[in-house]
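Visitor: File follows, input-v2.cif with mmCIF, C-alpha atoms:
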data_target
#
loop_
_atom_site.label_atom_id
_atom_site.label_comp_id
_atom_site.auth_asym_id
_atom_site.auth_seq_id
_atom_site.Cartn_x
_atom_site.Cartn_y
_atom_site.Cartn_z
CA MET A 592 -23.88 19.92 -0.95
CA LYS A 593 -20.14 19.40 -0.74
CA THR A 594 -18.58 18.03 2.43
CA PRO A 595 -15.26 19.36 3.74
CA ILE A 596 -12.77 16.69 4.78
CA THR A 597 -9.15 16.61 5.85
CA PHE A 598 -6.82 13.65 5.67
CA THR A 599 -3.12 12.95 5.42
CA LEU A 600 -1.87 12.45 1.88
CA ASN A 601 1.67 11.13 1.55
CA GLY A 602 2.55 12.62 4.93
CA GLU A 603 1.01 16.04 4.38
CA GLU A 604 -2.38 17.35 5.40
CA ALA A 605 -4.91 17.61 2.60
CA ALA A 606 -8.15 19.58 2.90
CA VAL A 607 -10.78 19.23 0.19
CA PHE A 608 -14.49 19.54 -0.48
CA VAL A 609 -16.05 16.32 -1.74
CA ASP A 610 -19.23 15.83 -3.76
CA PRO A 611 -21.96 13.55 -2.38
CA GLY A 612 -20.99 10.06 -3.48
CA GLY A 613 -17.62 11.26 -4.75
CA ASN A 614 -14.88 8.65 -4.75
CA LEU A 615 -11.37 8.93 -3.40
CA LEU A 616 -9.76 8.59 -6.82
CA ASP A 617 -11.51 11.73 -8.08
CA VAL A 618 -10.55 13.58 -4.92
CA LEU A 619 -6.91 12.61 -5.27
CA ARG A 620 -6.66 13.46 -8.96
CA ARG A 621 -8.92 16.50 -9.22
CA GLY A 622 -8.99 17.79 -5.68
CA CYS A 623 -5.38 17.19 -4.64
CA GLY A 624 -3.62 17.12 -8.00
CA ASP A 625 -2.06 13.72 -7.32
CA LEU A 626 -2.28 12.10 -10.73
CA SER A 627 -0.39 8.95 -9.77
CA PRO A 628 -3.43 6.71 -9.12
CA LYS A 629 -5.10 5.94 -12.45
CA TYR A 630 -8.70 5.47 -13.49
CA GLY A 631 -9.08 2.08 -15.15
CA CYS A 632 -12.49 0.52 -14.78
CA GLY A 633 -14.40 2.22 -11.98
CA GLN A 634 -15.47 -1.23 -10.79
CA GLY A 635 -12.58 -2.55 -8.72
CA GLY A 636 -11.58 -4.97 -11.44
CA CYS A 637 -8.27 -3.52 -12.59
CA GLY A 638 -6.43 -2.17 -9.54
CA ALA A 639 -4.97 0.82 -11.44
CA CYS A 640 -6.19 3.15 -8.67
CA THR A 641 -4.76 1.10 -5.79
CA VAL A 642 -3.65 3.31 -2.89
CA MET A 643 -2.93 2.61 0.75
CA ILE A 644 -5.31 3.74 3.47
CA ASP A 645 -3.90 3.43 6.98
CA GLY A 646 -1.29 1.05 5.61
CA GLU A 647 -3.65 -1.29 3.73
CA ALA A 648 -4.17 -1.51 -0.02
CA HIS A 649 -7.53 -0.11 -1.10
CA ILE A 650 -9.28 0.58 -4.37
CA ALA A 651 -9.58 4.36 -4.55
CA CYS A 652 -12.39 4.42 -7.12
CA LEU A 653 -14.58 2.30 -4.81
CA THR A 654 -13.80 4.30 -1.68
CA LEU A 655 -16.41 6.86 -0.68
CA ALA A 656 -14.20 9.92 -0.33
CA GLU A 657 -15.71 11.20 2.90
CA THR A 658 -14.82 7.95 4.69
CA VAL A 659 -11.10 8.81 4.55
CA ALA A 660 -11.56 11.87 6.76
CA GLY A 661 -8.88 11.79 9.44
CA ARG A 662 -7.10 8.82 7.87
CA ARG A 663 -3.74 8.37 6.20
CA VAL A 664 -3.66 7.92 2.43
CA ASP A 665 -0.49 7.00 0.58
CA THR A 666 -0.13 6.90 -3.19
CA ALA A 667 2.64 6.07 -5.64
CA GLY A 668 3.16 9.83 -5.91
CA GLY A 669 4.60 9.78 -2.40
CA LEU A 670 6.87 6.74 -2.74
CA ALA A 671 10.06 8.60 -3.65
CA ASP A 672 11.95 10.47 -0.95
CA GLY A 673 12.79 13.65 -2.84
CA PRO A 674 15.14 12.65 -5.66
CA ASP A 675 15.64 9.17 -4.15
CA LEU A 676 13.34 6.60 -5.69
CA HIS A 677 11.78 3.87 -3.58
CA PRO A 678 13.44 0.43 -4.01
CA LEU A 679 10.29 -0.77 -5.77
CA GLN A 680 10.49 2.07 -8.28
CA ILE A 681 14.17 1.34 -8.93
CA ALA A 682 13.46 -2.36 -9.38
CA PHE A 683 10.58 -1.65 -11.77
CA MET A 684 12.79 0.71 -13.78
CA GLU A 685 15.82 -1.55 -13.91
CA GLY A 686 13.75 -4.66 -14.55
CA PHE A 687 11.72 -3.10 -17.39
CA ALA A 688 8.59 -3.82 -15.41
CA ALA A 689 6.66 -0.94 -16.94
CA GLN A 690 5.85 -0.75 -20.63
CA CYS A 691 2.97 1.70 -21.01
CA GLY A 692 3.09 2.35 -17.26
CA TYR A 693 -0.64 2.72 -16.74
CA CYS A 694 -0.90 -0.12 -14.25
CA THR A 695 2.42 0.74 -12.57
CA PRO A 696 1.22 3.05 -9.76
CA GLY A 697 -1.36 0.48 -8.68
CA MET A 698 1.17 -2.34 -8.95
CA LEU A 699 3.65 -0.37 -6.86
CA MET A 700 1.15 0.26 -4.08
CA ALA A 701 -0.08 -3.35 -4.07
CA ALA A 702 3.56 -4.43 -3.86
CA LYS A 703 4.35 -1.92 -1.11
CA ALA A 704 1.42 -3.17 0.95
CA LEU A 705 2.83 -6.68 0.59
CA LEU A 706 6.45 -5.82 1.44
CA ASP A 707 5.44 -3.69 4.43
CA ARG A 708 3.90 -6.71 6.12
CA ASN A 709 5.96 -9.45 4.50
CA PRO A 710 9.49 -8.27 3.63
CA ASN A 711 10.55 -11.62 2.17
CA PRO A 712 7.65 -12.91 0.10
CA THR A 713 7.68 -16.00 -2.05
CA ARG A 714 6.89 -15.77 -5.74
CA ALA A 715 3.45 -17.20 -5.03
CA GLU A 716 2.83 -14.54 -2.39
CA VAL A 717 3.81 -11.81 -4.86
CA ASP A 718 1.52 -13.38 -7.44
CA GLU A 719 -1.32 -13.30 -4.92
CA ALA A 720 -0.53 -9.73 -3.81
CA ILE A 721 -0.92 -8.32 -7.32
CA SER A 722 -3.78 -10.61 -8.28
CA GLY A 723 -6.17 -7.66 -8.18
CA ASN A 724 -4.04 -5.59 -10.55
CA LEU A 725 -4.35 -6.02 -14.29
CA CYS A 726 -1.51 -5.40 -16.72
CA ARG A 727 -2.24 -5.54 -20.44
CA CYS A 728 1.16 -4.91 -22.01
CA THR A 729 4.23 -5.40 -19.82
CA GLY A 730 3.33 -8.93 -18.79
CA TYR A 731 3.32 -10.09 -15.22
CA GLU A 732 6.67 -11.88 -15.08
CA PRO A 733 8.89 -8.73 -15.11
CA ILE A 734 6.61 -7.16 -12.51
CA ILE A 735 6.83 -10.16 -10.20
CA ASP A 736 10.62 -10.31 -10.73
CA ALA A 737 10.93 -6.59 -9.90
CA ILE A 738 8.97 -6.95 -6.67
CA LEU A 739 11.12 -9.89 -5.60
CA GLU A 740 14.23 -7.89 -6.51
CA ALA A 741 13.04 -4.93 -4.46
CA ALA A 742 12.40 -7.23 -1.51
CA LYS A 743 15.97 -8.50 -1.78
CA HIS A 744 17.37 -4.96 -1.78
CA ARG A 745 15.14 -3.79 1.05
CA GLY A 746 16.26 -6.80 3.04
CA ALA A 747 19.90 -5.97 2.36
CA ALA A 748 19.48 -2.28 3.24
CA MET O 144 -28.94 14.51 -6.51
CA LEU O 145 -27.27 11.76 -4.53
CA GLU O 146 -27.48 12.13 -0.76
CA VAL O 147 -24.96 10.61 1.67
CA VAL O 148 -25.78 10.33 5.37
CA SER O 149 -23.84 8.80 8.26
CA PHE O 150 -25.18 7.58 11.61
CA PRO O 151 -23.17 6.66 14.72
CA THR O 152 -24.93 3.33 15.24
CA ALA O 153 -26.18 0.61 12.95
CA ALA O 154 -29.60 0.75 14.65
CA GLU O 155 -29.93 4.45 13.80
CA ALA O 156 -28.80 3.74 10.26
CA ALA O 157 -31.35 0.94 9.96
CA ALA O 158 -34.13 3.25 11.17
CA ALA O 159 -33.10 5.83 8.57
CA MET O 160 -33.18 3.43 5.64
CA THR O 161 -35.79 4.25 2.98
CA PRO O 162 -36.67 2.26 -0.16
CA ASP O 163 -34.26 4.50 -2.10
CA SER O 164 -31.41 4.02 0.38
CA ARG O 165 -28.43 1.73 0.01
CA PHE O 166 -26.26 0.88 3.00
CA LEU O 167 -22.58 1.30 2.26
CA GLY O 168 -20.28 -1.31 3.77
CA GLY O 169 -16.88 -1.45 2.10
CA GLY O 170 -18.09 0.26 -1.07
CA THR O 171 -17.23 -2.50 -3.50
CA LEU O 172 -20.85 -2.94 -4.62
CA ILE O 173 -22.41 0.48 -4.09
CA MET O 174 -19.57 2.69 -5.34
CA ASN O 175 -19.32 0.58 -8.45
CA ARG O 176 -22.93 1.56 -9.21
CA VAL O 177 -22.40 5.21 -8.25
CA ASN O 178 -19.41 5.40 -10.58
CA TYR O 179 -21.63 4.21 -13.42
CA PHE O 180 -24.36 6.74 -12.60
CA ASP O 181 -26.91 4.12 -11.56
CA ALA O 182 -29.97 6.30 -10.97
CA ARG O 183 -31.41 3.72 -8.59
CA VAL O 184 -28.82 4.72 -6.01
CA LYS O 185 -30.34 7.91 -4.63
CA ARG O 186 -29.26 7.82 -1.02
CA ILE O 187 -26.23 6.23 0.63
CA VAL O 188 -26.38 5.43 4.34
CA HIS O 189 -23.28 4.42 6.25
CA SER O 190 -22.21 3.99 9.84
CA PRO O 191 -18.83 3.74 11.58
CA ASP O 192 -20.46 1.67 14.38
CA PRO O 193 -17.59 -0.46 15.80
CA ALA O 194 -20.11 -3.19 16.68
CA LEU O 195 -20.38 -3.91 12.96
CA ARG O 196 -16.68 -4.77 12.85
CA GLN O 197 -16.44 -7.20 15.74
CA ILE O 198 -16.10 -10.97 15.85
CA ALA O 199 -17.20 -12.31 19.22
CA ARG O 200 -18.60 -15.37 20.98
CA ASP O 201 -22.37 -15.25 21.30
CA GLY O 202 -23.48 -18.20 23.41
CA ASP O 203 -22.67 -21.33 21.44
CA ARG O 204 -22.41 -19.28 18.28
CA ILE O 205 -19.91 -16.81 16.86
CA ALA O 206 -21.25 -13.39 15.88
CA ILE O 207 -19.44 -11.91 12.90
CA GLY O 208 -20.22 -8.22 12.45
CA ALA O 209 -21.57 -7.38 9.02
CA GLY O 210 -18.83 -4.77 8.61
CA VAL O 211 -16.00 -7.26 9.13
CA THR O 212 -13.90 -7.38 5.97
CA MET O 213 -12.66 -10.47 4.20
CA THR O 214 -9.17 -9.60 5.48
CA GLY O 215 -10.62 -9.38 8.97
CA LEU O 216 -11.95 -12.92 8.62
CA ILE O 217 -8.80 -14.46 7.17
CA GLY O 218 -6.78 -16.07 9.88
CA HIS O 219 -9.02 -14.88 12.73
CA ARG O 220 -8.84 -17.59 15.36
CA GLU O 221 -12.59 -17.76 16.00
CA VAL O 222 -13.51 -18.10 12.35
CA ASP O 223 -10.48 -19.72 10.76
CA PHE O 224 -12.80 -22.25 9.09
CA LEU O 225 -14.00 -19.39 6.83
CA THR O 226 -10.52 -18.47 5.61
CA PRO O 227 -10.70 -20.46 2.34
CA ALA O 228 -13.98 -18.80 1.35
CA ALA O 229 -12.89 -15.31 2.42
CA ARG O 230 -9.64 -15.71 0.53
CA ALA O 231 -11.59 -16.61 -2.61
CA VAL O 232 -13.05 -13.11 -2.77
CA GLY O 233 -11.23 -10.63 -5.04
CA GLY O 234 -7.63 -9.55 -4.69
CA PRO O 235 -6.03 -8.19 -1.51
CA ALA O 236 -7.27 -4.61 -1.93
CA ILE O 237 -10.84 -5.77 -2.48
CA ARG O 238 -10.56 -8.09 0.52
CA ASN O 239 -9.45 -5.12 2.64
CA MET O 240 -12.72 -3.40 1.73
CA ALA O 241 -15.38 -6.03 0.99
CA THR O 242 -17.51 -6.84 3.99
CA VAL O 243 -19.41 -9.87 5.20
CA GLY O 244 -22.69 -7.92 4.93
CA GLY O 245 -21.87 -6.84 1.41
CA ASN O 246 -21.14 -10.40 0.38
CA LEU O 247 -24.68 -11.37 1.43
CA MET O 248 -25.98 -8.76 -1.01
CA ALA O 249 -23.58 -9.46 -3.87
CA PRO O 250 -25.25 -10.10 -7.24
CA HIS O 251 -24.54 -13.18 -9.36
CA PRO O 252 -21.85 -14.45 -9.87
CA TYR O 253 -20.35 -12.99 -6.67
CA GLY O 254 -20.94 -13.96 -3.05
CA ASP O 255 -18.45 -16.80 -2.49
CA LEU O 256 -18.35 -16.32 1.27
CA THR O 257 -22.13 -16.52 1.46
CA VAL O 258 -21.95 -20.00 -0.06
CA ALA O 259 -19.88 -21.21 2.89
CA LEU O 260 -22.17 -19.45 5.37
CA LEU O 261 -25.18 -21.08 3.76
CA ALA O 262 -23.61 -24.52 4.07
CA LEU O 263 -22.96 -23.77 7.74
CA GLY O 264 -26.62 -22.95 8.31
CA ALA O 265 -25.85 -19.38 9.39
CA ASP O 266 -28.44 -17.11 10.93
CA LEU O 267 -28.51 -13.34 10.73
CA ARG O 268 -29.09 -10.77 13.42
CA MET O 269 -30.68 -7.73 11.84
CA ALA O 270 -29.96 -4.19 13.02
CA ASP O 271 -33.53 -3.96 14.33
CA GLY O 272 -32.89 -6.95 16.60
CA ARG O 273 -34.73 -9.63 14.62
CA GLU O 274 -33.06 -12.93 13.80
CA MET O 275 -33.62 -14.89 10.62
CA SER O 276 -31.96 -17.66 8.71
CA LEU O 277 -29.55 -16.69 5.96
CA GLU O 278 -31.64 -18.76 3.60
CA ALA O 279 -34.77 -16.74 4.38
CA PHE O 280 -32.81 -13.49 4.01
CA LEU O 281 -31.50 -14.45 0.58
CA ALA O 282 -35.06 -14.90 -0.69
CA GLU O 283 -35.70 -11.16 -0.32
CA ARG O 284 -32.46 -9.50 0.77
CA ARG O 285 -34.22 -6.80 2.73
CA GLY O 286 -33.15 -5.05 5.90
CA LEU O 287 -29.83 -4.14 7.43
CA VAL O 288 -27.76 -7.02 8.75
CA GLN O 289 -25.93 -6.42 12.03
CA ALA O 290 -24.15 -9.76 12.35
CA VAL O 291 -23.89 -13.26 10.95
CA LEU O 292 -24.24 -16.04 13.53
CA VAL O 293 -22.49 -19.36 12.96
CA ARG O 294 -21.55 -22.40 14.98
CA ARG O 295 -18.02 -23.66 14.67
CA PRO O 296 -18.00 -26.78 12.49
CA ASP O 297 -16.08 -29.89 13.48
CA SER O 298 -12.58 -30.02 12.14
CA ASP O 299 -12.57 -30.68 8.37
CA ALA O 300 -16.40 -30.78 8.25
CA LEU O 301 -16.67 -27.57 6.19
CA ARG O 302 -15.37 -27.83 2.67
CA PHE O 303 -15.22 -25.04 0.11
CA ARG O 304 -14.21 -24.90 -3.51
CA LYS O 305 -14.18 -22.03 -5.97
CA VAL O 306 -13.96 -22.74 -9.66
CA ALA O 307 -12.58 -19.88 -11.75
CA ARG O 308 -10.85 -19.66 -15.09
CA VAL O 309 -8.30 -17.12 -13.86
CA LYS O 310 -6.03 -17.84 -10.92
CA PRO O 311 -5.37 -16.72 -8.26
CA LYS O 312 -8.13 -14.16 -8.75
CA GLY O 313 -11.09 -14.81 -10.98
CA VAL O 314 -14.85 -14.62 -11.07
CA SER O 315 -16.61 -17.83 -10.09
CA VAL O 316 -17.77 -20.24 -12.74
CA MET O 317 -19.23 -21.78 -9.63
CA SER O 318 -18.39 -22.07 -5.98
CA MET O 319 -19.42 -24.89 -3.72
CA ALA O 320 -19.45 -25.54 0.01
CA ALA O 321 -20.48 -28.53 2.04
CA HIS O 322 -20.90 -29.00 5.77
CA LEU O 323 -20.44 -32.73 6.13
CA THR O 324 -21.95 -33.73 9.45
CA ARG O 325 -21.94 -37.43 10.32
CA ALA O 326 -23.59 -39.92 12.62
CA ALA O 327 -22.26 -43.43 13.16
CA GLY O 328 -19.74 -42.98 10.41
CA ARG O 329 -22.27 -41.95 7.76
CA LEU O 330 -23.33 -38.58 6.48
CA SER O 331 -26.27 -37.19 8.38
CA GLY O 332 -27.83 -33.76 7.91
CA ALA O 333 -25.12 -32.63 5.50
CA ARG O 334 -25.71 -29.23 3.90
CA VAL O 335 -24.51 -28.36 0.42
CA ALA O 336 -24.59 -24.90 -1.16
CA TYR O 337 -23.62 -23.49 -4.55
CA GLY O 338 -22.71 -20.01 -5.72
CA ALA O 339 -22.95 -18.62 -9.28
CA MET O 340 -25.48 -21.36 -10.03
CA GLY O 341 -28.59 -19.21 -9.67
CA PRO O 342 -29.65 -15.66 -8.85
CA THR O 343 -28.26 -15.97 -5.31
CA PRO O 344 -26.18 -18.56 -3.47
CA LEU O 345 -28.48 -21.50 -2.86
CA ARG O 346 -28.76 -24.85 -1.13
CA VAL O 347 -29.05 -27.99 -3.20
CA PRO O 348 -31.78 -30.15 -1.64
CA ALA O 349 -31.45 -32.98 -4.17
CA VAL O 350 -27.77 -33.41 -3.36
CA GLU O 351 -28.35 -33.16 0.38
CA ALA O 352 -31.07 -35.84 0.19
CA ALA O 353 -28.83 -38.14 -1.83
CA LEU O 354 -26.05 -37.78 0.73
CA GLU O 355 -28.24 -38.68 3.69
CA GLY O 356 -26.91 -41.91 5.19
CA ALA O 357 -24.22 -42.23 2.53
CA SER O 358 -20.62 -43.09 3.19
CA LEU O 359 -18.11 -40.42 2.22
CA ASP O 360 -16.38 -42.29 -0.57
CA ALA O 361 -16.66 -42.57 -4.34
CA ASN O 362 -19.46 -45.13 -4.24
CA GLY O 363 -21.33 -43.38 -1.45
CA ILE O 364 -21.49 -40.02 -3.15
CA ALA O 365 -22.28 -41.33 -6.66
CA PRO O 366 -26.07 -40.79 -6.29
CA ALA O 367 -25.41 -37.20 -5.17
CA LEU O 368 -23.23 -36.53 -8.22
CA ALA O 369 -26.01 -37.82 -10.45
CA VAL O 370 -28.34 -35.11 -9.14
CA ALA O 371 -25.70 -32.38 -8.84
CA THR O 372 -27.78 -29.79 -10.68
CA GLU O 373 -31.26 -31.28 -10.31
CA GLY O 374 -33.93 -28.67 -9.77
CA LEU O 375 -31.62 -25.75 -10.55
CA GLU O 376 -32.10 -23.14 -13.26
CA LEU O 377 -28.48 -22.60 -14.17
CA PRO O 378 -27.40 -19.20 -15.47
CA ASP O 379 -25.95 -18.44 -18.89
CA ASP O 380 -23.48 -15.59 -18.61
CA PRO O 381 -20.14 -14.44 -20.05
CA ILE O 382 -18.31 -16.56 -17.47
CA ALA O 383 -19.90 -19.87 -18.47
CA SER O 384 -22.98 -21.25 -20.16
CA ALA O 385 -25.66 -23.15 -18.29
CA TRP O 386 -24.68 -26.22 -20.32
CA TYR O 387 -21.07 -25.96 -19.18
CA ARG O 388 -22.05 -25.50 -15.57
CA ARG O 389 -24.32 -28.58 -15.77
CA GLU O 390 -21.57 -30.68 -17.33
CA VAL O 391 -18.79 -29.81 -14.89
CA ALA O 392 -20.77 -29.49 -11.66
CA PRO O 393 -20.56 -33.22 -10.82
CA VAL O 394 -16.78 -33.16 -11.27
CA HIS O 395 -16.33 -30.25 -8.89
CA LEU O 396 -18.88 -31.65 -6.45
CA ARG O 397 -16.90 -34.90 -6.32
CA ARG O 398 -13.67 -33.00 -5.69
CA LEU O 399 -15.36 -30.96 -2.98
CA LEU O 400 -16.90 -33.92 -1.16
CA LEU O 401 -13.86 -36.17 -1.36
CA GLY O 402 -11.38 -33.38 -0.68
CA GLU O 403 -9.58 -34.01 -3.98
CA GLU O 404 -7.23 -31.46 -5.41
CA ALA O 405 -8.05 -30.22 -8.91
CA ARG O 406 -5.84 -31.76 -11.54
#
In structure tokens, how does this file's structure come out?
Guide:
Amino acid sequence: MKTPITFTLNGEEAAVFVDPGGNLLDVLRRGCGDLSPKYGCGQGGCGACTVMIDGEAHIACLTLAETVAGRRVDTAGGLADGPDLHPLQIAFMEGFAAQCGYCTPGMLMAAKALLDRNPNPTRAEVDEAISGNLCRCTGYEPIIDAILEAAKHRGAA
Amino acid sequence: MLEVVSFPTAAEAAAAMTPDSRFLGGGTLIMNRVNYFDARVKRIVHSPDPALRQIARDGDRIAIGAGVTMTGLIGHREVDFLTPAARAVGGPAIRNMATVGGNLMAPHPYGDLTVALLALGADLRMADGREMSLEAFLAERRGLVQAVLVRRPDSDALRFRKVARVKPKGVSVMSMAAHLTRAAGRLSGARVAYGAMGPTPLRVPAVEAALEGASLDANGIAPALAVATEGLELPDDPIASAWYRREVAPVHLRRLLLGEEAR
């Protein structure tokens, strides 16, 4: 039997029916049409489905969907403010920090979770913050550089 | 058909557990299996009971709710001695989800936090009110844990080391913890535990016996290093072979006991 839940997705109310044992990633992609979080491994090993729940990074594929009822979920799909990209998105674009782009939404949310609580991270702190996110083509250096660049711009804003 | 049920309290959830039920903490173990259609997971039980998420003084012990996450442990004043072990688990997103109770149930080669708890001689308070040692629990891993009970170690007495090929996040080749208690300047009643060196985290009686009365220096610990893997059936897995684990265990045990940094 499906369970009805409501939660806030990128600032707007979402109401969906979830299957028993259904995970948040499926709900976001199939139920809400937010295709920004990606399915990578289904095991929590790749971080491609990283989203924020109540301001903390979480692995959507390992989150029992019904446990987000009444909570706030933010995805990479909600980062931009209309036509204005988030500083992290700009830094990723300008720093060529996305090659195939599959890991990018998860990287962005892991980075946002870091910058929200630590606006001026060290390189080692960025390294640690994305340690749960795998990239298999861009390489980590441009991604780390982009996050540090975004931090600089956010600090200057 | 998978069934999911929620109960307001951990005690109610414990009473509702059946042999087919799995209790969901942070989801990092159970949802992994659900995603891969593991038919053994037939019923998921969970509870939002706030008591599961508390860290509080309990007489001369500290009670850590089984639902406390690794992030919840890191930097918490009462349990700051567990920060190195909690930080060794997964990346930040996993640490925001993975719970203390889940770590007790984690299959090989996971369960780094449990290694530190084992070295501390932790006890468990079950949701039905019983208490048992962590060691006894690990032999069967049955029942719903309400809280882990630990005594605060003396400063610098608890040591933890995780050995992984990938840094900063990687699966354990092995993890090690030691609670180095002393009397009259010599080790007395020290407890040593390993992770990823058997089916569950385990104590190492041969090493503990060799450390009894020893001085904490290179000469003093030499007999313990010689029996670093004595009596253990070391696992062969994609992370490392049993041979490799046997060869390197004394090196990492020395670094753990003497507080050496890895070179």
Visitor: Mind giving me the straight-line distance from CA of Ser315 (chain O) to CA of Ala702 (chain A) in Å, one decimal?
Guide: 25.0 Å
Visitor: Let me make sure I understand: among O:Ala270, O:Arg304, O:Pro342, O:Val347, which one has the smallest atom-to-atom distance to Arg285 (chain O) if we use only C-alpha atoms?
Guide: O:Ala270
Visitor: Any idea what the distance is between CA of Arg302 (chain O) and CA of Gly202 (chain O)?
Guide: 24.3 Å
Visitor: Applying 7 Å and only C-alpha atoms, which residues near Ala229 (chain O) remain after dropping the ones on its own chain fewer than 5 positions away? List them as a PyMOL selection string.
Guide: chain O and resi 213+216-217+256
Visitor: Check what the PyMOL selection byres ((chain A) within 8 of (chain O)) selects in the file above and give those residues as a short mmCIF file (atom, residue, chain, number, x, y, z; two decimals) with C-alpha atoms, in the frame of the given file.
Guide:
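That gives us out.cif:
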data_model
loop_
_atom_site.label_atom_id
_atom_site.label_comp_id
_atom_site.auth_asym_id
_atom_site.auth_seq_id
_atom_site.Cartn_x
_atom_site.Cartn_y
_atom_site.Cartn_z
CA PRO A 611 -21.96 13.55 -2.38
CA GLY A 612 -20.99 10.06 -3.48
CA ASN A 614 -14.88 8.65 -4.75
CA GLY A 633 -14.40 2.22 -11.98
CA GLN A 634 -15.47 -1.23 -10.79
CA GLY A 635 -12.58 -2.55 -8.72
CA THR A 641 -4.76 1.10 -5.79
CA GLU A 647 -3.65 -1.29 3.73
CA ALA A 648 -4.17 -1.51 -0.02
CA HIS A 649 -7.53 -0.11 -1.10
CA ILE A 650 -9.28 0.58 -4.37
CA CYS A 652 -12.39 4.42 -7.12
CA LEU A 653 -14.58 2.30 -4.81
CA THR A 654 -13.80 4.30 -1.68
CA LEU A 655 -16.41 6.86 -0.68
CA ALA A 701 -0.08 -3.35 -4.07
CA ASP A 718 1.52 -13.38 -7.44
CA GLU A 719 -1.32 -13.30 -4.92
CA ALA A 720 -0.53 -9.73 -3.81
CA ILE A 721 -0.92 -8.32 -7.32
CA SER A 722 -3.78 -10.61 -8.28
CA GLY A 723 -6.17 -7.66 -8.18
CA ASN A 724 -4.04 -5.59 -10.55
#
Visitor: Given the choices O:Leu359, O:Ala262, O:Val232, O:Val293, which gets closest to Arg200 (chain O) if the distance is worked out from only C-alpha atoms?
Guide: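 Looking only at the distances to Arg200 (chain O), the closest residue turns out to be O:Val293.
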Visitor: Taking the file as shown, find all residues satisfying the PyMOL selection byres ((chain A and resi 619) around 10) and write them as a JSON list (two decimals) with C-alpha atoms, in the frame of the given file.
Guide:
[["chain", "number", "residue", "atom", "x", "y", "z"],
["A", 600, "LEU", "CA", -1.87, 12.45, 1.88],
["A", 605, "ALA", "CA", -4.91, 17.61, 2.60],
["A", 607, "VAL", "CA", -10.78, 19.23, 0.19],
["A", 614, "ASN", "CA", -14.88, 8.65, -4.75],
["A", 615, "LEU", "CA", -11.37, 8.93, -3.40],
["A", 616, "LEU", "CA", -9.76, 8.59, -6.82],
["A", 617, "ASP", "CA", -11.51, 11.73, -8.08],
["A", 618, "VAL", "CA", -10.55, 13.58, -4.92],
["A", 620, "ARG", "CA", -6.66, 13.46, -8.96],
["A", 621, "ARG", "CA", -8.92, 16.50, -9.22],
["A", 622, "GLY", "CA", -8.99, 17.79, -5.68],
["A", 623, "CYS", "CA", -5.38, 17.19, -4.64],
["A", 624, "GLY", "CA", -3.62, 17.12, -8.00],
["A", 625, "ASP", "CA", -2.06, 13.72, -7.32],
["A", 626, "LEU", "CA", -2.28, 12.10, -10.73],
["A", 627, "SER", "CA", -0.39, 8.95, -9.77],
["A", 628, "PRO", "CA", -3.43, 6.71, -9.12],
["A", 629, "LYS", "CA", -5.10, 5.94, -12.45],
["A", 651, "ALA", "CA", -9.58, 4.36, -4.55],
["A", 656, "ALA", "CA", -14.20, 9.92, -0.33],
["A", 664, "VAL", "CA", -3.66, 7.92, 2.43],
["A", 666, "THR", "CA", -0.13, 6.90, -3.19]]
Visitor: What is the distance between CA of Phe150 (chain O) and CA of Gly602 (chain A), in Å to one decimal?
Guide: 29.0 Å
Visitor: Extract, using all atoms listed in the file, all DNA, RNA and protein residues at most 12 Å from Thr152 (chain O), discarding same-chain residues fewer than 5 positions from it, and format them as a ChimeraX atom specification.
Guide: /O:157-159,188-196,270-271,287,289
Visitor: O:Pro252, O:Gly210, O:Gly218, O:Pro162: which is nearest Ile382 (chain O), counting only C-alpha atoms?
Guide: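 Checking each candidate against Ile382 (chain O), we get O:Pro252 as the closest.
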Visitor: Would you pick out the contacts of Leu377 (chain O) at 8 Å or less, using only C-alpha atoms, so that residues sharing its chain but fewer than 4 positions from it are not included, and give the list as a list in words?
Guide: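 Skipping anything fewer than 4 positions along the chain leaves Met340, Gly341, Ala385, Arg388 and Arg389 of chain O.
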Visitor: Write out as a PyMOL selection string each polymer residue whose atoms come within 12 Å of Thr713 (chain A), counting only C-alpha atoms; drop sequence neighbours fewer than 6 positions from it.
Guide: chain A and resi 705-706+719-720+735-736+738-740+742-743
Visitor: Go ahead and write the residues just picked, C-alpha atoms, as an mmCIF file, keeping the file's coordinate frame.
Guide:
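Saved file result.cif follows:
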data_model
loop_
_atom_site.group_PDB
_atom_site.id
_atom_site.type_symbol
_atom_site.label_atom_id
_atom_site.label_comp_id
_atom_site.auth_asym_id
_atom_site.auth_seq_id
_atom_site.Cartn_x
_atom_site.Cartn_y
_atom_site.Cartn_z
ATOM 1 C CA LEU A 705 2.830 -6.680 0.590
ATOM 2 C CA LEU A 706 6.450 -5.820 1.440
ATOM 3 C CA GLU A 719 -1.320 -13.300 -4.920
ATOM 4 C CA ALA A 720 -0.530 -9.730 -3.810
ATOM 5 C CA ILE A 735 6.830 -10.160 -10.200
ATOM 6 C CA ASP A 736 10.620 -10.310 -10.730
ATOM 7 C CA ILE A 738 8.970 -6.950 -6.670
ATOM 8 C CA LEU A 739 11.120 -9.890 -5.600
ATOM 9 C CA GLU A 740 14.230 -7.890 -6.510
ATOM 10 C CA ALA A 742 12.400 -7.230 -1.510
ATOM 11 C CA LYS A 743 15.970 -8.500 -1.780
#
Visitor: Compare O:Ser276, O:Val291, O:Glu351, O:Ala265 by their minimum atom-to-atom distance to Gly208 (chain O), counting only C-alpha atoms, and give me the closest one.
Guide: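 Among the listed residues, the smallest separation from Gly208 (chain O) belongs to O:Val291.
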